[in-house]
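S.K.: So that we are looking at the same thing, I have put the structure below in structure tokens.
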Amino acid sequence: MATITLSLSEKFDTLNRSEILMRFSVSQTQRYRIKSGLFVSVNRWTKKNEVSIPKIETEERTLLIALNTKLSELKKHVLSECEKTDKKIISKEWLETCVDTFHFPEKYKVVAVEPTFFETFSEFIDNRKLSVGRLRSIKVSFRSLQRYELYKQKENPAYTLKLKEVDEKVLSDIDKFFRIEDEVYKKFPDIWVTVKESRLPSPRGQNTINDMFVKIRTFFLWCVENEKISVSPFKKYAIEESVYGTPYYIDIKERNQLYAKNMAKLPKLAVQRDIFVLHCLIGCRVGDYYKMKKSSIINGAIEYIARKTKEGSLVTVRVPLNSIALEIIDRYRDDERESLMPFISEQKYNLAIKEMFTFAKLTRMVTVVNPTTREEEKQPLNLIASSHLARRCFVGNLYKQVKDQNLVGSLTGHKEGSKSFARYREIDEEMKTDLVNLLL
């Protein structure tokens with residue numbers, strides 16, 4: 001255990017005071033004499049090496065009492081630090097720092113470094129239970145915000161995106177950047193070298209920008225909930241409404257036309273055609289489809305967990321398999337393969353869908369909304385067909401038959417009353433006629 005003895009320096013300051021010296025005995029081999037930084041008049045220092053305090057109430061007495069108290073506190077402070085520290089670390093320099101810490105604690109205060117905007121955003125991502133697809137889309141917004149910061153630094157090198165400084169004006173500026181990011185790339189390609197993307201930027205439509213801002217808004221709501229900020233900047237910033245065209249899908253006749261098309265000369269395409277037709281008969285999202293295994297078939301039905309749901313509310317979907325679906329699955333049974341079907345990459349699958357539609361002459365013109373201009377335009381099915389068309393085929397044709405959103409939703413993983421469900425069904429003339437006939 002360390003001990004301290006006191007003595008008085010032989011030197012005097014301009015006020016004829018001497019500094020109190022402290023001798024530390026940490027061990028037999030560790031003994032150090034350190035200046036205390038406290039001064040006293042020689043005539044107020046006793047032979048017992050203590051401060052001599054007069055009994056008469058004077059200003060000097062008050063000062064000496066304060067000095068004695070501070071000396072006692074200094075001794076306690078250093079002895080306490082010695083107790084908490086490995087003796088091997090204690091040195092004269094360590095003791096001098098310890099004394100200095102006592103006198104000038106503000107010099108040694110550890111200033112809490114506030115996390116950066118992107119460190120906080122990363123914490124948000126790490127603390128969320130997200131599907132692979134949703135995580136991927138959130139990271140797209142994350143990287144775009146990183147490029148926004150780099151873009152702003154072209155004008156002001158000191159610029160940083162700060163969580164507590166983001167307001168509606170900053171959000172509006174981010175919106176402008178999202179719209180012109182493809183143009184910014186042409187002017188500053190080095191930004192994309194720093195923050196890479198899997199593909200080069202292209203003009204973004206309003207719906208895409210809306211989707212990015214919805215994810216950013218979720219981040220700010222999380223910040224409020226976790227007391228990172230007091231108010232979300234989205235309280236005064238409204239995200240525009242997304243605009244969707246009338247849903248288009250292939251009807252049962254067109255699906256059967258595709259399935260019946262002889263593709264013997266294109267065997268690889270024929271496999272993907274069968275995968276697509278089966279997809280039309282299951283109606284799941286492509287991400288869920290690709291996760292299906294042979295073990296997903298239970299008592300004549302496909303069972304899977306719909307992934308695109310909010311945290312803590314995963315939905316198990318069970319879809320009975322009809323004769324065509326069972327026929328396709330039997331055709332591709334393979335004991336060595338674990339997956340339900342011989343899937344290829346999603347990108348190649350989408351290209352194959354366009355190719356099979358062209359080969360089967362499924363070129364009907366449909367009305368779509370251009371995602372960039374938000375204007376209606378006509379496009380042939382074979383040029384715009386993708387994996388999501390299989391889900392639309394399933395929902396649209398079922399809804400046409402039963403006209404019950406909740407019943408169809410139970411086969412697709414949509415929540416009851418889901419707003420997005422409306423994008424998968426078409427209120428056609430036949431359904432309108434049936435409704436009017438209810439008045440007869």
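Quick note on naming: the chains in the structure tokens go A, B, ... in the order shown, residues restart at 1 in each chain, and ligands are numbered from 1 in order of appearance.
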Applying 12 Å and only C-alpha atoms, which residues near Thr85 (chain A) remain after dropping the ones on its own chain fewer than 6 positions away? List them as a VMD selection string.

M.R.: chain A and resid 1 to 2 26 78 to 79 91 94 to 95 98

S.K.: Could you write out the selected residues, including N, CA and C atoms, as a compact mmCIF listing (two decimals), in the first residue's frame?

M.R.:
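Result written to out06.txt:
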# COMPACT_ATOMS: atom_id res chain seq x y z
N MET A 1 0.84 -1.20 0.00
CA MET A 1 0.00 0.00 0.00
C MET A 1 0.88 1.25 0.00
N ALA A 2 0.59 2.18 -0.86
CA ALA A 2 1.39 3.41 -0.98
C ALA A 2 1.18 4.30 0.24
N VAL A 26 5.77 3.66 -2.87
CA VAL A 26 4.87 2.68 -3.48
C VAL A 26 5.33 1.27 -3.13
N VAL A 78 -4.50 10.88 -4.87
CA VAL A 78 -3.35 10.14 -5.40
C VAL A 78 -3.30 8.73 -4.84
N LEU A 79 -3.55 8.58 -3.54
CA LEU A 79 -3.54 7.24 -2.95
C LEU A 79 -4.62 6.35 -3.56
N SER A 91 5.02 5.56 -11.94
CA SER A 91 6.34 6.17 -12.09
C SER A 91 6.25 7.61 -11.62
N TRP A 94 3.95 9.37 -13.92
CA TRP A 94 2.54 8.98 -13.68
C TRP A 94 2.00 9.76 -12.49
N LEU A 95 2.81 9.89 -11.40
CA LEU A 95 2.38 10.61 -10.20
C LEU A 95 2.23 12.11 -10.49
N CYS A 98 -0.96 12.54 -12.16
CA CYS A 98 -2.04 12.34 -11.20
C CYS A 98 -2.30 13.63 -10.41

S.K.: Which residues are close to region 357-370 of chain A, i.e. within 7 Å by only C-alpha atoms, leaving aside same-chain residues fewer than 5 positions away? Reply as a list of chain:residue names.

M.R.: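 Contacts, with the query itself left out: A:Tyr244, A:Gly245, A:Tyr248, A:Leu258, A:Lys261, A:Glu375, A:Glu376, A:Glu377, A:Lys378, A:Gln379, A:Pro380, A:Leu381, A:Asn382.
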
S.K.: When distances are computed from only C-alpha atoms, which of A:Ile298, A:Leu6, A:Ile89, A:Met292 shows the smallest separation from Phe24 (chain A)?

M.R.: A:Leu6

S.K.: List as a PyMOL selection string the protein and nucleic acid residues near Ile20 (chain A), meaning an atom at most 8 Å away when only C-alpha atoms are counted, but skip any in the same chain fewer than 5 places from it.

M.R.: chain A and resi 6-9+35-40

S.K.: Could you tell me which of A:Asn262, A:Thr29, A:Gln153, A:Thr208 comes closest to Phe188 (chain A) if we count only C-alpha atoms?

M.R.: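 Answer, going by the shortest atom-to-atom distance: A:Gln153.
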
S.K.: Which is closest to Tyr237 (chain A) among A:Glu303, A:Asp335, A:Glu57, A:Asp175, if we use only C-alpha atoms?

M.R.: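 Nearest to Tyr237 (chain A): A:Asp175.
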
S.K.: Would you list the contacts of Leu281 (chain A) as number ranges by chain, taking every protein, DNA or RNA residue within 12 Å and counting only C-alpha atoms, but skipping same-chain residues closer than 4 positions in sequence?

M.R.: A: 251-252, 255-256, 259, 274-277, 285, 289, 301-302, 319-329, 389-398, 411-412

S.K.: Please dump the current selection as a tab-separated table (two decimals), in the first residue's frame; keep N, CA and C atoms.

M.R.:
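Saved to again11.tsv:
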chain	number	residue	atom	x	y	z
A	251	ASP	N	-53.56	-13.21	-68.68
A	251	ASP	CA	-54.71	-14.00	-68.23
A	251	ASP	C	-54.37	-15.49	-68.34
A	252	ILE	N	-55.31	-16.32	-67.95
A	252	ILE	CA	-55.07	-17.77	-67.92
A	252	ILE	C	-54.82	-18.30	-69.32
A	255	ARG	N	-51.28	-17.46	-70.24
A	255	ARG	CA	-50.36	-18.32	-69.48
A	255	ARG	C	-50.31	-19.71	-70.09
A	256	ASN	N	-51.47	-20.26	-70.46
A	256	ASN	CA	-51.51	-21.59	-71.07
A	256	ASN	C	-50.87	-21.59	-72.45
A	259	TYR	N	-47.26	-21.90	-71.79
A	259	TYR	CA	-46.91	-23.23	-71.31
A	259	TYR	C	-46.97	-24.27	-72.42
A	274	ASP	N	-41.04	-23.12	-67.68
A	274	ASP	CA	-41.76	-23.94	-66.70
A	274	ASP	C	-41.65	-23.34	-65.29
A	275	ILE	N	-40.47	-22.81	-64.98
A	275	ILE	CA	-40.28	-22.15	-63.68
A	275	ILE	C	-41.21	-20.94	-63.57
A	276	PHE	N	-41.35	-20.20	-64.66
A	276	PHE	CA	-42.22	-19.01	-64.65
A	276	PHE	C	-43.68	-19.42	-64.51
A	277	VAL	N	-44.11	-20.43	-65.24
A	277	VAL	CA	-45.51	-20.88	-65.16
A	277	VAL	C	-45.82	-21.37	-63.74
A	285	ARG	N	-43.57	-13.65	-54.07
A	285	ARG	CA	-42.53	-12.74	-54.53
A	285	ARG	C	-41.32	-13.56	-54.96
A	289	TYR	N	-39.72	-17.17	-53.72
A	289	TYR	CA	-39.72	-18.29	-54.66
A	289	TYR	C	-38.33	-18.95	-54.70
A	301	ALA	N	-49.30	-28.96	-50.94
A	301	ALA	CA	-49.31	-27.49	-51.00
A	301	ALA	C	-47.90	-26.96	-50.71
A	302	ILE	N	-47.66	-25.78	-51.21
A	302	ILE	CA	-46.41	-25.07	-50.92
A	302	ILE	C	-46.62	-24.24	-49.66
A	319	VAL	N	-50.17	-22.46	-50.14
A	319	VAL	CA	-50.83	-22.42	-51.45
A	319	VAL	C	-50.98	-23.85	-51.98
A	320	PRO	N	-52.20	-24.36	-52.08
A	320	PRO	CA	-52.40	-25.69	-52.66
A	320	PRO	C	-51.90	-25.73	-54.11
A	321	LEU	N	-51.33	-26.85	-54.51
A	321	LEU	CA	-50.77	-27.00	-55.87
A	321	LEU	C	-51.79	-27.70	-56.77
A	322	ASN	N	-52.08	-27.06	-57.92
A	322	ASN	CA	-53.02	-27.70	-58.85
A	322	ASN	C	-52.27	-28.69	-59.73
A	323	SER	N	-52.98	-29.29	-60.67
A	323	SER	CA	-52.40	-30.37	-61.47
A	323	SER	C	-51.22	-29.90	-62.32
A	324	ILE	N	-51.30	-28.67	-62.88
A	324	ILE	CA	-50.20	-28.16	-63.70
A	324	ILE	C	-48.97	-27.94	-62.84
A	325	ALA	N	-49.16	-27.35	-61.65
A	325	ALA	CA	-48.04	-27.10	-60.75
A	325	ALA	C	-47.35	-28.41	-60.36
A	326	LEU	N	-48.15	-29.44	-60.02
A	326	LEU	CA	-47.58	-30.74	-59.64
A	326	LEU	C	-46.86	-31.39	-60.82
A	327	GLU	N	-47.41	-31.22	-62.01
A	327	GLU	CA	-46.80	-31.77	-63.22
A	327	GLU	C	-45.41	-31.17	-63.43
A	328	ILE	N	-45.29	-29.84	-63.27
A	328	ILE	CA	-44.00	-29.16	-63.46
A	328	ILE	C	-43.00	-29.59	-62.39
A	329	ILE	N	-43.45	-29.66	-61.15
A	329	ILE	CA	-42.55	-30.05	-60.06
A	329	ILE	C	-42.05	-31.48	-60.26
A	389	LEU	N	-44.48	-10.25	-62.86
A	389	LEU	CA	-45.69	-10.49	-63.64
A	389	LEU	C	-46.34	-11.81	-63.24
A	390	ALA	N	-45.54	-12.76	-62.75
A	390	ALA	CA	-46.08	-14.05	-62.30
A	390	ALA	C	-46.98	-13.83	-61.09
A	391	ARG	N	-46.56	-12.98	-60.17
A	391	ARG	CA	-47.37	-12.68	-58.99
A	391	ARG	C	-48.65	-11.96	-59.39
A	392	ARG	N	-48.54	-11.04	-60.34
A	392	ARG	CA	-49.73	-10.33	-60.82
A	392	ARG	C	-50.70	-11.28	-61.50
A	393	CYS	N	-50.14	-12.23	-62.25
A	393	CYS	CA	-50.98	-13.22	-62.93
A	393	CYS	C	-51.78	-14.01	-61.90
A	394	PHE	N	-51.13	-14.43	-60.85
A	394	PHE	CA	-51.78	-15.21	-59.79
A	394	PHE	C	-52.88	-14.38	-59.11
A	395	VAL	N	-52.54	-13.16	-58.68
A	395	VAL	CA	-53.49	-12.32	-57.95
A	395	VAL	C	-54.64	-11.88	-58.84
A	396	GLY	N	-54.30	-11.35	-60.03
A	396	GLY	CA	-55.32	-10.81	-60.92
A	396	GLY	C	-56.35	-11.83	-61.34
A	397	ASN	N	-55.88	-13.01	-61.72
A	397	ASN	CA	-56.82	-14.04	-62.19
A	397	ASN	C	-57.65	-14.64	-61.07
A	398	LEU	N	-57.04	-14.79	-59.88
A	398	LEU	CA	-57.81	-15.28	-58.75
A	398	LEU	C	-58.88	-14.28	-58.32
A	411	LEU	N	-53.50	-16.17	-49.79
A	411	LEU	CA	-52.66	-17.01	-50.64
A	411	LEU	C	-51.43	-16.28	-51.14
A	412	THR	N	-51.32	-14.98	-50.82
A	412	THR	CA	-50.20	-14.20	-51.33
A	412	THR	C	-49.34	-13.57	-50.24

S.K.: Contacts of Leu163 (chain A) at 8 Å or less, counting only C-alpha atoms, minus same-chain residues fewer than 3 places along, as a PyMOL selection string?

M.R.: chain A and resi 116-117+166+229

S.K.: What lies within 12 Å of Pro189 (chain A) using only C-alpha atoms, ignoring chain neighbours under 6 positions off, as a list in words?

M.R.: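 The residues satisfying every condition are Arg147, Leu150, Tyr151, Glu181, Asp182, Glu183, Val195, Lys196, Glu197, Leu200 and Pro201 of chain A.
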
S.K.: Set the distance at 12 Å and use only C-alpha atoms: which residues neighbour Lys235 (chain A) once local chain neighbours fewer than 4 positions away are removed? I'd like the list as a ChimeraX atom specification.

M.R.: /A:166-168,171,217,220-221,224,230-231,239

S.K.: How would the residues just chosen look if you wrote them out with C-alpha atoms as a PDB file, in the first residue's frame?

M.R.:
ATOM      1  CA  VAL A 166     -31.072  17.841 -41.182  1.00  0.00           C
ATOM      2  CA  ASP A 167     -34.268  19.840 -41.684  1.00  0.00           C
ATOM      3  CA  GLU A 168     -36.855  20.205 -44.441  1.00  0.00           C
ATOM      4  CA  LEU A 171     -34.287  17.013 -47.264  1.00  0.00           C
ATOM      5  CA  ARG A 217     -38.005   8.712 -42.792  1.00  0.00           C
ATOM      6  CA  PHE A 220     -35.350   9.432 -38.483  1.00  0.00           C
ATOM      7  CA  LEU A 221     -38.352   7.985 -36.635  1.00  0.00           C
ATOM      8  CA  VAL A 224     -36.555  10.004 -32.284  1.00  0.00           C
ATOM      9  CA  SER A 230     -36.072  15.222 -30.445  1.00  0.00           C
ATOM     10  CA  VAL A 231     -38.105  15.820 -33.619  1.00  0.00           C
ATOM     11  CA  ILE A 239     -43.240  12.717 -49.196  1.00  0.00           C
TER      12      ILE A 239
END

S.K.: Calculate how many Å separate CA of Pro267 (chain A) from CA of Ile297 (chain A), rounding to one decimal.

M.R.: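 So the two atoms, CA of Pro267 (chain A) and CA of Ile297 (chain A), lie 25.7 Å apart.
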
S.K.: Nearest residue to Leu71 (chain A) out of A:Lys154, A:His103, A:Arg31, A:Lys84, using only C-alpha atoms?

M.R.: A:His103

S.K.: Figure out the distance between CA of Arg318 (chain A) and CA of Tyr304 (chain A), please, to one decimal in Å.

M.R.: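 Computing the Euclidean distance for CA of Tyr304 (chain A) and CA of Arg318 (chain A) yields 6.7 Å.
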
S.K.: Which one is closest to Ser387 (chain A): A:Arg333, A:Arg273, A:Lys48, A:Lys294? Count only C-alpha atoms.

M.R.: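 Closest to Ser387 (chain A), using only C-alpha atoms: A:Arg273.
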
S.K.: What is the CA of Thr101 (chain A)-CA of Asn43 (chain A) distance in Å, reported with one decimal?

M.R.: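 Value for the CA of Thr101 (chain A)-CA of Asn43 (chain A) distance: 29.0 Å.
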